[in-house]
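Colleague: What follows is structure_39.cif; its format and atoms are mmCIF, C-alpha atoms (C1' of nucleotides).
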```
data_run
loop_
_atom_site.label_atom_id
_atom_site.label_comp_id
_atom_site.auth_asym_id
_atom_site.auth_seq_id
_atom_site.Cartn_x
_atom_site.Cartn_y
_atom_site.Cartn_z
CA MET Z 1 89.81 87.37 131.09
CA SER Z 2 93.43 86.30 130.80
CA VAL Z 3 95.22 84.80 133.73
CA VAL Z 4 97.51 87.31 135.39
CA PRO Z 5 100.88 85.89 136.36
CA ALA Z 6 101.49 87.54 139.72
CA GLN Z 7 104.74 89.35 139.02
CA ALA Z 8 104.93 89.86 135.29
CA HIS Z 9 107.31 92.12 133.54
CA PRO Z 10 105.56 95.51 133.23
CA ARG Z 11 106.08 95.29 129.50
CA GLU Z 12 104.21 92.02 129.33
CA GLU Z 13 101.61 93.53 131.57
CA THR Z 14 101.01 96.37 129.13
CA ALA Z 15 100.97 93.95 126.24
CA ARG Z 16 98.33 91.86 127.93
CA ARG Z 17 96.21 94.91 128.65
CA ASN Z 18 96.48 95.99 125.03
CA ARG Z 19 95.44 92.56 123.93
CA ASP Z 20 92.39 92.68 126.12
CA LYS Z 21 91.46 96.16 124.95
CA LEU Z 22 91.73 94.96 121.38
CA VAL Z 23 89.54 91.95 121.97
CA ALA Z 24 86.90 94.11 123.62
CA ALA Z 25 86.96 96.66 120.84
CA ALA Z 26 86.84 93.92 118.23
CA LEU Z 27 83.83 92.33 119.86
CA GLU Z 28 81.96 95.62 119.73
CA GLU Z 29 82.89 96.43 116.17
CA PHE Z 30 82.17 92.95 114.88
CA GLU Z 31 78.83 93.10 116.58
CA ARG Z 32 78.10 96.40 114.96
CA SER Z 33 79.26 95.92 111.39
CA GLY Z 34 79.82 92.23 110.80
CA CYS Z 35 83.24 90.75 110.85
CA GLN Z 36 84.60 92.64 107.90
CA ALA Z 37 84.71 95.65 110.22
CA SER Z 38 87.75 97.83 109.72
CA LEU Z 39 90.73 96.61 111.70
CA GLU Z 40 92.08 100.14 111.83
CA ALA Z 41 88.82 101.25 113.43
CA ILE Z 42 89.19 98.50 116.01
CA ALA Z 43 92.72 99.59 116.78
CA ARG Z 44 91.54 103.19 117.08
CA LYS Z 45 88.69 102.24 119.37
CA ALA Z 46 91.08 100.22 121.50
CA GLY Z 47 93.42 103.20 121.62
CA VAL Z 48 96.42 101.36 120.26
CA GLY Z 49 98.39 101.56 117.04
CA ILE Z 50 97.54 99.39 114.09
CA GLY Z 51 100.91 97.73 114.40
CA THR Z 52 100.01 96.53 117.86
CA LEU Z 53 96.84 94.97 116.58
CA TYR Z 54 98.70 93.06 113.89
CA ARG Z 55 101.38 91.93 116.31
CA HIS Z 56 98.84 90.37 118.61
CA PHE Z 57 96.53 89.10 115.89
CA PRO Z 58 98.39 88.41 112.68
CA SER Z 59 95.21 87.90 110.70
CA ARG Z 60 91.63 88.99 110.84
CA GLU Z 61 90.57 85.46 111.45
CA VAL Z 62 92.72 85.09 114.54
CA LEU Z 63 91.15 88.21 115.97
CA ILE Z 64 87.66 87.02 115.23
CA PHE Z 65 88.21 83.84 117.15
CA ALA Z 66 90.02 85.58 119.93
CA ALA Z 67 86.86 87.60 120.34
CA HIS Z 68 84.44 84.69 120.06
CA GLY Z 69 86.50 81.76 121.25
CA ARG Z 70 84.28 81.10 124.23
CA GLU Z 71 81.21 80.52 122.13
CA VAL Z 72 83.00 78.15 119.81
CA GLU Z 73 84.20 76.16 122.77
CA GLN Z 74 80.66 75.90 124.04
CA LEU Z 75 79.59 74.56 120.70
CA GLY Z 76 82.38 72.04 120.99
CA ASP Z 77 81.24 70.99 124.45
CA LEU Z 78 77.69 70.68 123.24
CA ALA Z 79 78.63 67.57 121.28
CA GLY Z 80 79.44 65.70 124.46
CA GLU Z 81 76.28 66.86 126.19
CA LEU Z 82 74.06 65.81 123.32
CA LEU Z 83 75.68 62.40 123.21
CA GLU Z 84 74.67 61.88 126.81
CA GLU Z 85 71.09 62.88 126.19
CA MET Z 86 70.22 61.07 123.02
CA GLU Z 87 71.35 58.39 120.62
CA PRO Z 88 74.29 59.34 118.43
CA GLU Z 89 72.43 59.74 115.18
CA HIS Z 90 70.07 62.33 116.65
CA ALA Z 91 72.90 63.97 118.52
CA LEU Z 92 74.79 64.41 115.28
CA ARG Z 93 71.83 65.96 113.56
CA GLU Z 94 70.99 68.17 116.48
CA TRP Z 95 74.55 69.37 116.74
CA MET Z 96 74.67 70.29 113.08
CA ASP Z 97 71.39 72.11 113.46
CA GLN Z 98 72.88 74.13 116.27
CA LEU Z 99 75.93 74.84 114.20
CA ALA Z 100 73.74 76.05 111.36
CA THR Z 101 71.72 78.25 113.66
CA PHE Z 102 74.92 79.63 115.02
CA ALA Z 103 76.16 80.41 111.54
CA ILE Z 104 72.97 82.29 110.76
CA LYS Z 105 72.26 84.07 114.01
CA LYS Z 106 75.83 85.02 114.75
CA ARG Z 107 76.78 86.28 111.41
CA TRP Z 108 80.43 86.57 112.38
CA MET Z 109 80.69 82.84 112.52
CA GLY Z 110 79.67 82.07 108.99
CA ASP Z 111 81.88 84.88 107.78
CA ALA Z 112 84.75 83.72 109.89
CA LEU Z 113 84.58 80.10 108.92
CA SER Z 114 84.38 80.97 105.30
CA VAL Z 115 87.49 83.08 105.76
CA ALA Z 116 89.10 80.20 107.61
CA ALA Z 117 88.18 77.80 104.85
CA LYS Z 118 90.10 79.87 102.34
CA SER Z 119 93.50 79.37 103.80
CA VAL Z 120 94.44 76.04 105.28
CA PRO Z 121 91.47 75.68 107.60
CA SER Z 122 93.26 73.31 109.93
CA ASP Z 123 95.38 76.25 111.01
CA SER Z 124 92.33 77.70 112.67
CA THR Z 125 91.77 76.83 116.28
CA ALA Z 126 88.04 77.14 115.91
CA TYR Z 127 88.08 74.83 112.96
CA ARG Z 128 89.95 72.28 114.99
CA ILE Z 129 87.50 72.53 117.84
CA LEU Z 130 84.56 71.96 115.56
CA VAL Z 131 86.21 69.08 113.75
CA ALA Z 132 86.97 67.46 117.09
CA ALA Z 133 83.35 67.75 118.18
CA LEU Z 134 82.14 66.38 114.89
CA SER Z 135 84.60 63.56 115.14
CA ARG Z 136 83.26 62.52 118.52
CA LEU Z 137 79.76 62.46 117.13
CA LEU Z 138 80.75 60.42 114.11
CA VAL Z 139 82.71 57.90 116.13
CA ALA Z 140 79.81 57.44 118.51
CA GLY Z 141 77.47 57.06 115.56
CA ALA Z 142 79.69 54.49 113.94
CA ALA Z 143 79.98 52.57 117.19
CA SER Z 144 76.22 52.45 117.52
CA GLY Z 145 75.97 51.22 113.96
CA ALA Z 146 73.79 54.09 112.83
CA ILE Z 147 76.43 56.02 110.93
CA ARG Z 148 78.78 54.74 108.29
CA GLU Z 149 82.41 54.42 109.21
CA ASP Z 150 84.15 55.47 106.05
CA VAL Z 151 83.57 59.18 106.39
CA GLY Z 152 85.82 61.50 108.34
CA ALA Z 153 85.05 64.67 110.24
CA ASP Z 154 86.96 66.67 107.66
CA ASP Z 155 84.74 65.30 104.95
CA VAL Z 156 81.62 66.31 106.83
CA MET Z 157 82.98 69.76 107.54
CA LEU Z 158 83.45 70.13 103.82
CA ALA Z 159 79.98 68.85 103.16
CA ILE Z 160 78.41 71.41 105.43
CA ALA Z 161 80.51 74.27 104.11
CA GLY Z 162 77.40 75.32 102.24
CA LEU Z 163 75.95 76.41 105.55
CA TRP Z 164 78.28 79.38 105.63
CA HIS Z 165 76.75 80.56 102.39
CA VAL Z 166 73.12 80.25 103.39
CA ASN Z 167 73.43 83.50 105.28
CA ALA Z 168 71.50 86.20 103.56
CA ARG Z 169 68.92 84.05 101.88
CA ASN Z 170 65.27 84.27 102.64
CA ASP Z 171 64.42 80.68 103.26
CA TRP Z 172 67.39 79.80 105.39
CA GLN Z 173 65.49 77.38 107.56
CA GLY Z 174 64.30 75.42 104.58
CA GLN Z 175 67.68 75.51 102.89
CA THR Z 176 69.43 74.41 106.02
CA ARG Z 177 66.98 71.62 106.73
CA ARG Z 178 67.18 70.26 103.21
CA LEU Z 179 70.95 70.41 103.19
CA LEU Z 180 71.23 68.56 106.48
CA ASP Z 181 68.55 66.03 105.52
CA LEU Z 182 70.50 65.26 102.40
CA LEU Z 183 73.71 64.89 104.31
CA MET Z 184 72.21 62.71 107.03
CA ASP Z 185 70.74 60.41 104.42
CA GLY Z 186 74.17 60.02 102.94
CA LEU Z 187 75.74 59.48 106.32
CA ARG Z 188 73.49 56.70 107.52
CA ALA Z 189 75.05 53.27 107.54
CA GLY Z 190 73.99 51.30 104.53
CA ALA Z 191 73.35 54.39 102.48
CA SER Z 192 76.20 53.69 100.14
CA ALA Z 193 75.90 51.13 97.39
CA PRO Z 194 77.13 47.83 98.79
CA ARG Z 195 80.88 47.87 98.62
CA ALA Z 196 82.77 45.16 96.74
CA MET H 1 84.95 88.55 70.19
CA SER H 2 81.95 90.83 70.35
CA VAL H 3 79.71 91.26 67.39
CA VAL H 4 80.41 94.50 65.58
CA PRO H 5 77.30 96.40 64.61
CA ALA H 6 78.19 97.73 61.18
CA GLN H 7 77.76 101.45 61.79
CA ALA H 8 78.13 102.06 65.48
CA HIS H 9 78.56 105.40 67.07
CA PRO H 10 82.34 105.94 67.35
CA ARG H 11 81.89 106.45 71.05
CA GLU H 12 80.29 103.05 71.42
CA GLU H 13 82.99 101.68 69.21
CA THR H 14 85.69 102.92 71.57
CA ALA H 15 83.76 101.64 74.54
CA ARG H 16 83.56 98.20 73.01
CA ARG H 17 87.25 98.19 72.25
CA ASN H 18 88.03 99.20 75.81
CA ARG H 19 85.83 96.42 77.07
CA ASP H 20 87.65 93.90 74.95
CA LYS H 21 91.03 95.20 76.01
CA LEU H 22 89.96 94.88 79.62
CA VAL H 23 88.76 91.34 79.20
CA ALA H 24 92.01 90.35 77.52
CA ALA H 25 94.11 91.99 80.19
CA ALA H 26 91.99 90.43 82.91
CA LEU H 27 92.39 86.97 81.43
CA GLU H 28 96.15 87.34 81.45
CA GLU H 29 96.35 88.73 84.95
CA PHE H 30 93.96 86.18 86.41
CA GLU H 31 95.98 83.46 84.76
CA ARG H 32 99.13 84.86 86.25
CA SER H 33 98.14 85.66 89.79
CA GLY H 34 94.81 84.03 90.53
CA CYS H 35 91.64 85.98 90.48
CA GLN H 36 92.48 88.29 93.33
CA ALA H 37 94.79 90.04 90.88
CA SER H 38 94.79 93.79 91.24
CA LEU H 39 92.06 95.44 89.23
CA GLU H 40 94.17 98.56 88.91
CA ALA H 41 96.91 96.47 87.37
CA ILE H 42 94.41 95.08 84.89
CA ALA H 43 93.25 98.55 83.98
CA ARG H 44 96.86 99.65 83.56
CA LYS H 45 97.69 96.67 81.40
CA ALA H 46 94.63 97.38 79.28
CA GLY H 47 95.72 101.00 78.99
CA VAL H 48 92.50 102.45 80.35
CA GLY H 49 91.61 104.32 83.50
CA ILE H 50 90.40 102.50 86.56
CA GLY H 51 87.09 104.28 86.24
CA THR H 52 86.55 102.69 82.87
CA LEU H 53 87.11 99.27 84.28
CA TYR H 54 84.55 99.81 87.00
CA ARG H 55 82.05 101.26 84.57
CA HIS H 56 82.17 98.17 82.39
CA PHE H 57 82.51 95.67 85.21
CA PRO H 58 80.94 96.92 88.41
CA SER H 59 82.38 94.10 90.49
CA ARG H 60 85.33 91.80 90.38
CA GLU H 61 83.05 88.87 89.94
CA VAL H 62 81.46 90.29 86.82
CA LEU H 63 84.89 90.75 85.30
CA ILE H 64 85.94 87.24 86.18
CA PHE H 65 82.97 85.77 84.39
CA ALA H 66 83.30 88.14 81.48
CA ALA H 67 86.77 86.70 81.06
CA HIS H 68 85.79 83.07 81.52
CA GLY H 69 82.19 82.97 80.37
CA ARG H 70 82.87 80.66 77.49
CA GLU H 71 84.22 77.92 79.72
CA VAL H 72 81.28 78.13 82.07
CA GLU H 73 78.91 77.79 79.16
CA GLN H 74 80.74 74.71 77.99
CA LEU H 75 80.32 73.22 81.41
CA GLY H 76 76.64 74.00 81.14
CA ASP H 77 76.39 72.32 77.77
CA LEU H 78 78.23 69.31 79.07
CA ALA H 79 75.19 68.35 81.12
CA GLY H 80 73.12 67.79 78.00
CA GLU H 81 75.87 65.84 76.31
CA LEU H 82 76.37 63.54 79.26
CA LEU H 83 72.67 62.87 79.46
CA GLU H 84 72.76 61.60 75.91
CA GLU H 85 75.67 59.31 76.56
CA MET H 86 74.77 57.67 79.84
CA GLU H 87 72.01 57.11 82.32
CA PRO H 88 71.08 60.15 84.41
CA GLU H 89 72.55 58.99 87.68
CA HIS H 90 75.98 58.55 86.17
CA ALA H 91 75.64 61.71 84.15
CA LEU H 92 74.97 63.63 87.34
CA ARG H 93 77.97 62.21 89.07
CA GLU H 94 80.20 62.68 86.07
CA TRP H 95 79.09 66.28 85.70
CA MET H 96 79.83 67.05 89.31
CA ASP H 97 83.22 65.43 88.92
CA GLN H 98 83.94 67.70 86.00
CA LEU H 99 82.77 70.68 87.99
CA ALA H 100 85.09 69.71 90.81
CA THR H 101 88.01 69.28 88.47
CA PHE H 102 87.22 72.63 87.01
CA ALA H 103 87.20 74.21 90.42
CA ILE H 104 90.61 72.75 91.18
CA LYS H 105 92.39 73.08 87.88
CA LYS H 106 91.10 76.51 87.04
CA ARG H 107 91.62 78.12 90.32
CA TRP H 108 89.75 81.23 89.26
CA MET H 109 86.54 79.29 89.22
CA GLY H 110 86.57 78.17 92.81
CA ASP H 111 87.58 81.65 93.86
CA ALA H 112 84.92 83.23 91.73
CA LEU H 113 82.10 81.01 92.85
CA SER H 114 82.97 81.52 96.43
CA VAL H 115 82.86 85.24 95.80
CA ALA H 116 79.55 84.78 94.03
CA ALA H 117 78.20 82.74 96.90
CA LYS H 118 78.82 85.61 99.29
CA SER H 119 76.40 88.03 97.76
CA VAL H 120 73.13 86.78 96.38
CA PRO H 121 74.53 84.09 94.15
CA SER H 122 71.54 84.03 91.87
CA ASP H 123 72.69 87.42 90.64
CA SER H 124 75.60 85.73 88.97
CA THR H 125 75.16 84.61 85.41
CA ALA H 126 77.60 81.78 85.88
CA TYR H 127 75.73 80.59 88.92
CA ARG H 128 72.53 80.54 86.95
CA ILE H 129 74.12 78.58 84.14
CA LEU H 130 75.41 75.95 86.52
CA VAL H 131 72.13 75.70 88.40
CA ALA H 132 70.31 75.23 85.12
CA ALA H 133 72.63 72.42 84.11
CA LEU H 134 72.29 70.78 87.48
CA SER H 135 68.56 71.12 87.27
CA ARG H 136 68.43 69.29 83.97
CA LEU H 137 70.43 66.46 85.45
CA LEU H 138 68.26 66.19 88.52
CA VAL H 139 65.04 66.25 86.56
CA ALA H 140 66.31 63.53 84.26
CA GLY H 141 67.42 61.53 87.27
CA ALA H 142 64.06 61.88 88.95
CA ALA H 143 62.29 60.88 85.75
CA SER H 144 64.37 57.75 85.52
CA GLY H 145 63.59 56.96 89.13
CA ALA H 146 67.20 56.90 90.21
CA ILE H 147 67.27 60.23 91.98
CA ARG H 148 64.91 61.51 94.63
CA GLU H 149 62.52 64.25 93.64
CA ASP H 150 62.43 66.41 96.71
CA VAL H 151 65.76 68.10 96.23
CA GLY H 152 66.30 71.19 94.13
CA ALA H 153 69.28 72.31 92.13
CA ASP H 154 69.85 75.14 94.58
CA ASP H 155 70.09 72.67 97.41
CA VAL H 156 72.67 70.63 95.55
CA MET H 157 74.66 73.72 94.69
CA LEU H 158 74.77 74.47 98.38
CA ALA H 159 75.76 70.92 99.15
CA ILE H 160 78.73 71.06 96.82
CA ALA H 161 79.83 74.48 97.98
CA GLY H 162 82.53 72.65 99.88
CA LEU H 163 84.21 71.97 96.54
CA TRP H 164 85.24 75.58 96.31
CA HIS H 165 87.17 75.14 99.51
CA VAL H 166 89.00 71.98 98.59
CA ASN H 167 91.41 74.02 96.55
CA ALA H 168 94.77 74.09 98.21
CA ARG H 169 94.59 70.82 100.07
CA ASN H 170 96.90 67.96 99.40
CA ASP H 171 94.45 65.17 98.92
CA TRP H 172 91.95 66.97 96.78
CA GLN H 173 91.06 63.95 94.72
CA GLY H 174 90.21 61.95 97.78
CA GLN H 175 88.34 64.80 99.41
CA THR H 176 86.36 65.46 96.31
CA ARG H 177 85.52 61.84 95.74
CA ARG H 178 84.37 61.33 99.31
CA LEU H 179 82.29 64.48 99.26
CA LEU H 180 80.56 63.52 96.04
CA ASP H 181 80.09 59.90 97.14
CA LEU H 182 78.38 61.15 100.25
CA LEU H 183 76.18 63.47 98.30
CA MET H 184 75.23 60.89 95.70
CA ASP H 185 74.28 58.46 98.41
CA GLY H 186 71.95 61.06 99.86
CA LEU H 187 70.56 61.89 96.46
CA ARG H 188 69.59 58.40 95.42
CA ALA H 189 65.91 57.68 95.48
CA GLY H 190 64.95 55.79 98.59
CA ALA H 191 67.87 57.15 100.54
CA SER H 192 65.70 59.17 102.84
CA ALA H 193 63.90 57.54 105.71
CA PRO H 194 60.41 56.57 104.51
CA ARG H 195 58.26 59.66 104.69
CA ALA H 196 55.05 59.66 106.67
"C1'" DC O 1 126.18 105.03 137.92
"C1'" DA O 2 126.72 104.57 132.90
"C1'" DC O 3 126.01 101.71 129.22
"C1'" DC O 4 123.70 98.19 126.55
"C1'" DA O 5 120.38 94.60 124.82
"C1'" DT O 6 115.67 93.63 124.30
"C1'" DC O 7 110.93 94.04 123.56
"C1'" DG O 8 106.68 96.06 122.57
"C1'" DC O 9 104.71 100.25 120.60
"C1'" DG O 10 103.13 103.43 117.08
"C1'" DG O 11 102.45 104.84 112.72
"C1'" DA O 12 104.35 106.05 108.13
"C1'" DG O 13 104.29 104.12 103.60
"C1'" DG O 14 103.11 101.42 99.59
"C1'" DC O 15 99.42 99.22 97.67
"C1'" DT O 16 94.58 98.25 96.48
"C1'" DC O 17 89.67 99.20 96.46
"C1'" DC O 18 85.90 101.79 94.77
"C1'" DT O 19 83.43 106.28 94.07
"C1'" DC O 20 82.75 110.44 92.24
"C1'" DC O 21 83.27 114.18 89.18
"C1'" DG O 22 85.32 117.31 85.80
"C1'" DC O 23 86.72 116.95 80.94
"C1'" DT O 24 86.62 116.02 76.18
"C1'" DA O 25 84.93 114.86 71.79
"C1'" DC O 26 81.31 114.13 68.84
"C1'" DG O 27 76.66 114.42 66.92
"C1'" DA O 28 72.60 117.33 66.86
"C1'" DT O 29 70.27 121.56 66.38
"C1'" DA O 30 69.45 126.27 64.77
"C1'" DT U 1 78.99 127.61 61.25
"C1'" DA U 2 78.40 128.35 66.37
"C1'" DT U 3 76.37 126.38 70.30
"C1'" DC U 4 74.71 122.76 73.15
"C1'" DG U 5 73.85 117.99 75.29
"C1'" DT U 6 75.68 113.83 76.44
"C1'" DA U 7 78.14 109.46 76.65
"C1'" DG U 8 82.23 107.70 77.97
"C1'" DC U 9 86.91 108.59 79.77
"C1'" DG U 10 90.50 109.28 83.24
"C1'" DG U 11 92.10 109.68 87.59
"C1'" DA U 12 92.08 112.12 92.16
"C1'" DG U 13 90.75 111.00 96.68
"C1'" DG U 14 89.34 108.77 100.95
"C1'" DA U 15 89.51 104.55 103.19
"C1'" DG U 16 91.40 100.06 104.46
"C1'" DC U 17 95.11 96.43 104.36
"C1'" DC U 18 99.45 94.98 105.98
"C1'" DT U 19 104.56 95.56 106.56
"C1'" DC U 20 108.37 97.41 108.29
"C1'" DC U 21 111.23 100.09 111.13
"C1'" DG U 22 112.73 103.74 114.35
"C1'" DC U 23 111.81 104.85 119.20
"C1'" DG U 24 111.53 104.71 124.10
"C1'" DA U 25 111.21 102.14 128.33
"C1'" DT U 26 113.05 98.62 131.22
"C1'" DG U 27 116.02 95.55 133.37
"C1'" DG U 28 120.66 93.61 133.35
"C1'" DT U 29 125.87 94.20 133.40
"C1'" DG U 30 130.48 96.13 134.62
#
```
I need this file expressed as structure tokens, please.
Modeller:
Amino acid sequence: MSVVPAQAHPREETARRNRDKLVAAALEEFERSGCQASLEAIARKAGVGIGTLYRHFPSREVLIFAAHGREVEQLGDLAGELLEEMEPEHALREWMDQLATFAIKKRWMGDALSVAAKSVPSDSTAYRILVAALSRLLVAGAASGAIREDVGADDVMLAIAGLWHVNARNDWQGQTRRLLDLLMDGLRAGASAPRA
Amino acid sequence: MSVVPAQAHPREETARRNRDKLVAAALEEFERSGCQASLEAIARKAGVGIGTLYRHFPSREVLIFAAHGREVEQLGDLAGELLEEMEPEHALREWMDQLATFAIKKRWMGDALSVAAKSVPSDSTAYRILVAALSRLLVAGAASGAIREDVGADDVMLAIAGLWHVNARNDWQGQTRRLLDLLMDGLRAGASAPRA
DNA sequence: CACCATCGCGGAGGCTCCTCCGCTACGATA
DNA sequence: TATCGTAGCGGAGGAGCCTCCGCGATGGTG
């Protein structure tokens, strides 16, 4: 996982190993019981003290993303790939669909983002990655003339915050589709009443 | 507060008094420290056991709305009043603005609704009240031809879920305005691409 | 070699959550 | 009046959160 600097201080070495053990344990526990799994249980499973867990991961959210960072990055990269394959407007929609699916299928993500949203979300690495991806899509859309220019990635993140709440519902596909349809209609250039 | 049935069983009488004491204490504590205030502290302040609190209010959310129910109802009533004063499209927007302001100014509300959203939100009385109000506005809007007909109140609730997260940000007015602008643009009749 | 500064570790401790259960007090019944 | 059933009360208890601090290992210094 982590890069091993050839001749590290043994202390740092141990610390790194502990970190890795924690991430592994967290991944398992989050998988098993959603991401409100007990942090003490994770520490126990990793065989380290609870203090060690909190030193490495000062908040639950940080741990969640440490465990799932890779997947978030892939979602970030996806934006670029979609932009190469299709026109920006469709890429934007497709990306948001993927994000929604992600939030449903990988329950941790919805949970995590809704935790992240509580504090100052911009503190969250994952949040930043997603906003960056979204931003690329919006800029490309604006450049192509399909998407209005007066809306920022932050605004759209806020507008799709509802996705994190769709979770347990029965008709999540319908809910998600309608929510994104609504949003896309608002996002299209010319949607807004002609500005003065 | 509660209606006093003339000759109640003394036991029920005590229970009612306890309930009222709890609501009063909760109101104070929520005011003081946001609605993640300690329930044990509330019980202490009310002078009852923690068990009594949980018997009357099985979840934090229930207590929050027991304490603030009146205000939520007023917000519900506001929908009808606005519809009498202005055309539906503006009433809808105005109502959502009020809701947003509410969510910011009365921090408990944003908190509470985001708690409510986690479980099955339709279990929450407050949620139902708000959805009902929204529904009235949408129906009126559709009848007047200003608002599209294929969007339900639940969908809109989901779309404005972001409002609960605006909370701590600096530029909440701007964020809120942009979010609602976006939504209104999507909601206007004719916004959607012509359907097949 | 003896001493010292530093850093990461573990876990105790204070607090909250929420459940569960024994107790009491009061009305009902004989 | 003596006994019983029951509704509502209080709070102990087990679990989790998070902080804080004493400890031991390690590498540097005289």
Colleague: Using only C-alpha atoms, select each residue of chain Z with any atom at most 6 Å away from an atom of chain H, and give the selection as a list in words.
Modeller: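 Residues satisfying the distance criterion: Leu158, Ala159, Ala161, Gly162, Leu182, Asp185, Gly186, Ala191 and Ser192 of chain Z.
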Colleague: Could you spell out the hits of the PyMOL selection byres ((chain U) within 12 of (chain H)) on the shown file, as a JSON list (two decimals) with C-alpha atoms (C1' of nucleotides), in the coordinates of the input?
Modeller:
```json
[["chain", "number", "residue", "atom", "x", "y", "z"],
["U", 6, "DT", "C1'", 75.68, 113.83, 76.44],
["U", 7, "DA", "C1'", 78.14, 109.46, 76.65],
["U", 8, "DG", "C1'", 82.23, 107.70, 77.97],
["U", 9, "DC", "C1'", 86.91, 108.59, 79.77],
["U", 10, "DG", "C1'", 90.50, 109.28, 83.24],
["U", 11, "DG", "C1'", 92.10, 109.68, 87.59],
["U", 12, "DA", "C1'", 92.08, 112.12, 92.16]]
```
Colleague: Take the PyMOL selection byres ((chain Z and resi 136) around 12), apply it to the structure above, and return the hits as a ChimeraX atom specification.
Modeller: /Z:76-84,88-89,91-92,95,129-135,137-143,152-153
Colleague: Give me the residues of chain H that have any atom at most 10 Å from an atom of chain O; for each, the nearest atom pair and the distance in Å, rounded to one decimal. Use all atoms listed in the file, sort by chain and number, and format it as JSON lines.
Modeller:
```
{"residue": "H:His9", "atom": "CA", "partner": "O:DG27", "partner_atom": "C1'", "distance": 9.2}
{"residue": "H:Pro10", "atom": "CA", "partner": "O:DC26", "partner_atom": "C1'", "distance": 8.4}
{"residue": "H:Arg11", "atom": "CA", "partner": "O:DC26", "partner_atom": "C1'", "distance": 8.0}
{"residue": "H:Ala37", "atom": "CA", "partner": "O:DT16", "partner_atom": "C1'", "distance": 9.9}
{"residue": "H:Ser38", "atom": "CA", "partner": "O:DT16", "partner_atom": "C1'", "distance": 6.9}
{"residue": "H:Leu39", "atom": "CA", "partner": "O:DT16", "partner_atom": "C1'", "distance": 8.2}
{"residue": "H:Glu40", "atom": "CA", "partner": "O:DT16", "partner_atom": "C1'", "distance": 7.6}
{"residue": "H:Ala41", "atom": "CA", "partner": "O:DT16", "partner_atom": "C1'", "distance": 9.6}
{"residue": "H:Ile50", "atom": "CA", "partner": "O:DC18", "partner_atom": "C1'", "distance": 9.4}
{"residue": "H:Gly51", "atom": "CA", "partner": "O:DT19", "partner_atom": "C1'", "distance": 8.9}
{"residue": "H:Tyr54", "atom": "CA", "partner": "O:DC18", "partner_atom": "C1'", "distance": 8.1}
{"residue": "H:Pro58", "atom": "CA", "partner": "O:DC18", "partner_atom": "C1'", "distance": 9.4}
{"residue": "H:Ser59", "atom": "CA", "partner": "O:DC18", "partner_atom": "C1'", "distance": 9.5}
```
Colleague: Any chance you could export the current selection's C-alpha atoms as a compact mmCIF listing (two decimals), keeping the file's coordinate frame?
Modeller:
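Output saved as result_29.txt:
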```
# COMPACT_ATOMS: atom_id res chain seq x y z
CA HIS H 9 78.56 105.40 67.07
CA PRO H 10 82.34 105.94 67.35
CA ARG H 11 81.89 106.45 71.05
CA ALA H 37 94.79 90.04 90.88
CA SER H 38 94.79 93.79 91.24
CA LEU H 39 92.06 95.44 89.23
CA GLU H 40 94.17 98.56 88.91
CA ALA H 41 96.91 96.47 87.37
CA ILE H 50 90.40 102.50 86.56
CA GLY H 51 87.09 104.28 86.24
CA TYR H 54 84.55 99.81 87.00
CA PRO H 58 80.94 96.92 88.41
CA SER H 59 82.38 94.10 90.49
```
Colleague: Figure out the distance between atom CA of Z:Leu63 and atom CA of Z:Thr101, please, to one decimal in Å.
Modeller: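 We find that atom CA of Z:Thr101 and atom CA of Z:Leu63 lie 22.0 Å from each other.
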Colleague: Rounded to one decimal in Å, what is the spacing between atom CA of H:Glu61 and atom C1' of U:DG16?
Modeller: 20.1 Å
Colleague: Suppose you want the space between atom CA of Z:Leu113 and atom CA of Z:Ala126; what is it in Å?
Modeller: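 Result for atom CA of Z:Leu113 versus atom CA of Z:Ala126: 8.3 Å, one decimal.
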Colleague: For the provided coordinates, the residues matched by the PyMOL selection byres ((chain H and resi 66) around 12) should be stated as a ChimeraX atom specification.
Modeller: /H:1-2,19-27,30,56-65,67-73,112,124-126
Colleague: Choose the residue, out of Z:Gln74, Z:Ser144, Z:Gln173, Z:Ser33, that has the smallest atom-to-atom separation from Z:Asp97; count all atoms listed in the file.
Modeller: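 Nearest to Z:Asp97: Z:Gln173.
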